[in-house]
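Remarks on the structure that follows.
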Amino acid sequence: MAAGQSLRGLVGQSLAAKKSFAGARLDLLSVTDVTAGAATIAAPRRCVALIYLWGAGASGDVAPGGLGHGGGGGAAAFKFCRMIAGQSVTYSVGAAGAPATITVQDGGDSTVVLPNGVVVVAGGGKGSGTGGIATGGDLNRNGGAGGVSGAASSAGDHGGAGGAISPSGNLNGGGGGGAGFSDVAGNSLQGGNGSSGVGSGSSASGASFGAGSGACGNTPSGSGGLGRVFVVLLRSR
């Protein structure tokens, strides 16, 4: 979470639609916030889990002649899960699309497997420019599309903005924005902004959490934004 962000406020907004938690006192058991790797989070006692995940962004195209496409932004998903002592959720964070020299690279999917076997997926953005797709969550937000053939890129659902087209005449597209939850928790859980297309030279990497990289005129293009998994365990009393 961003510095200064109130965890109490985030929790309150996330549970606003859950009538069983109206007026409840909540104890924080653990917070996991990672941008790489895979692991299991075990419940030490009966609790609820607030699970947020973002797919990684894709790298942009390398197009010296122009009209290159930006990388797609990663999707985002949220899941509310009740757990009993000893149950666990297993997560895997998608890797950012690597800088492209010849072939654009997709962003990796981020996944969380729930105790009942249901898999929540925040899909990574695609090197083709397609935004990632989210499935299995209570909230599923898709990533923004990278700009293709001179068309503007798009923002991620409730997330980061798409990157701008290169200002020169070659019209290399910007990266798609990462999806997020700006409607739930403000900027702390918003996907990153896609980077702009570049006429000559290398493009910048996508901003954090799922943003796509813009297309560029010279190798390599920037990498996509990182994936992320953010899990809060709470006990109500």
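Identifiers for the structure tokens are assigned positionally: chains receive A, B, ... in sequence, residues are indexed from 1 per chain, and ligands are indexed from 1 in the order shown.
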Fewer than 3 positions away in the same chain doesn't count, so skip those; otherwise give me all residues within 7 Å of Phe80 of chain A, counting only C-alpha atoms, as a PDB file with C-alpha atoms, in the first residue's frame.
ATOM      1  CA  ALA A  49      -9.369 -12.801   3.743  1.00  0.00           C
ATOM      2  CA  LEU A  50      -9.494  -9.736   1.507  1.00  0.00           C
ATOM      3  CA  ILE A  51      -7.629 -10.752  -1.635  1.00  0.00           C
TER       4      ILE A  51
END
What's the 8 Å shell around segment 105-115 of chain A, counting only C-alpha atoms, without same-chain residues fewer than 2 positions away, as a PyMOL selection string?
-> chain A and resi 53-60+71+74+81+83+87-100+103+117-127+210+224+227-229
All alpha helix (DSSP H) residues (DSSP, backbone) inside segment 47-201 of chain A, as a list in words = Ser182, Asp183, Val184 and Ala185 of chain A
Can you spit out the residues from that selection as an mmCIF file, in the first residue's frame, using N, CA and C atoms?
data_model
loop_
_atom_site.group_PDB
_atom_site.id
_atom_site.type_symbol
_atom_site.label_atom_id
_atom_site.label_comp_id
_atom_site.auth_asym_id
_atom_site.auth_seq_id
_atom_site.Cartn_x
_atom_site.Cartn_y
_atom_site.Cartn_z
ATOM 1 N N SER A 182 -9.714 1.927 -7.954
ATOM 2 C CA SER A 182 -9.751 3.316 -7.521
ATOM 3 C C SER A 182 -11.112 3.682 -6.943
ATOM 4 N N ASP A 183 -12.160 2.973 -7.340
ATOM 5 C CA ASP A 183 -13.498 3.234 -6.815
ATOM 6 C C ASP A 183 -13.680 2.692 -5.410
ATOM 7 N N VAL A 184 -12.828 1.757 -4.996
ATOM 8 C CA VAL A 184 -12.934 1.128 -3.685
ATOM 9 C C VAL A 184 -11.952 1.728 -2.692
ATOM 10 N N ALA A 185 -10.718 1.950 -3.138
ATOM 11 C CA ALA A 185 -9.672 2.333 -2.192
ATOM 12 C C ALA A 185 -8.743 3.418 -2.699
#
Identify, on the basis of only C-alpha atoms, every residue whose closest approach to Ile102 of chain A does not exceed 9 Å; exclude the query and any residue fewer than 4 positions from it along the same chain; express the result as number ranges by chain.
-> A: 61-62, 219-220
Could you write those residues out with N, CA and C atoms, as a short mmCIF file (atom, residue, chain, number, x, y, z; two decimals), in the first residue's frame?
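Generated output (out11.cif):
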data_model
loop_
_atom_site.label_atom_id
_atom_site.label_comp_id
_atom_site.auth_asym_id
_atom_site.auth_seq_id
_atom_site.Cartn_x
_atom_site.Cartn_y
_atom_site.Cartn_z
N ASP A 61 5.89 -3.06 -28.65
CA ASP A 61 6.46 -3.46 -29.94
C ASP A 61 7.70 -2.61 -30.28
N VAL A 62 8.57 -3.16 -31.11
CA VAL A 62 9.71 -2.41 -31.65
C VAL A 62 9.42 -2.17 -33.13
N THR A 219 15.39 -0.79 -30.32
CA THR A 219 15.39 -1.79 -29.26
C THR A 219 16.23 -1.32 -28.08
N PRO A 220 15.93 -1.83 -26.86
CA PRO A 220 14.73 -2.61 -26.57
C PRO A 220 13.59 -1.71 -26.14
#
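Going from atom CA of Ser153 of chain A over to atom CA of Gly177 of chain A, you cover 8.0 Å.
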Could you give me the residues within segment 8-210 of chain A that DSSP places in strand (DSSP E or B), as a ChimeraX atom specification?
-> /A:26-34,38-42,47-54,62,76-83,88-92,110-113,119-122,134-135,139-141
Selected residue, from A:Leu171, A:Cys216, A:Ile133, A:Ile41, that lies nearest to Ala76 of chain A when counting only C-alpha atoms | A:Ile133
Length of the atom CA of Asn170 of chain A to atom CA of Ala207 of chain A vector [Å] =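 Distance between the two atoms: 23.3 Å.
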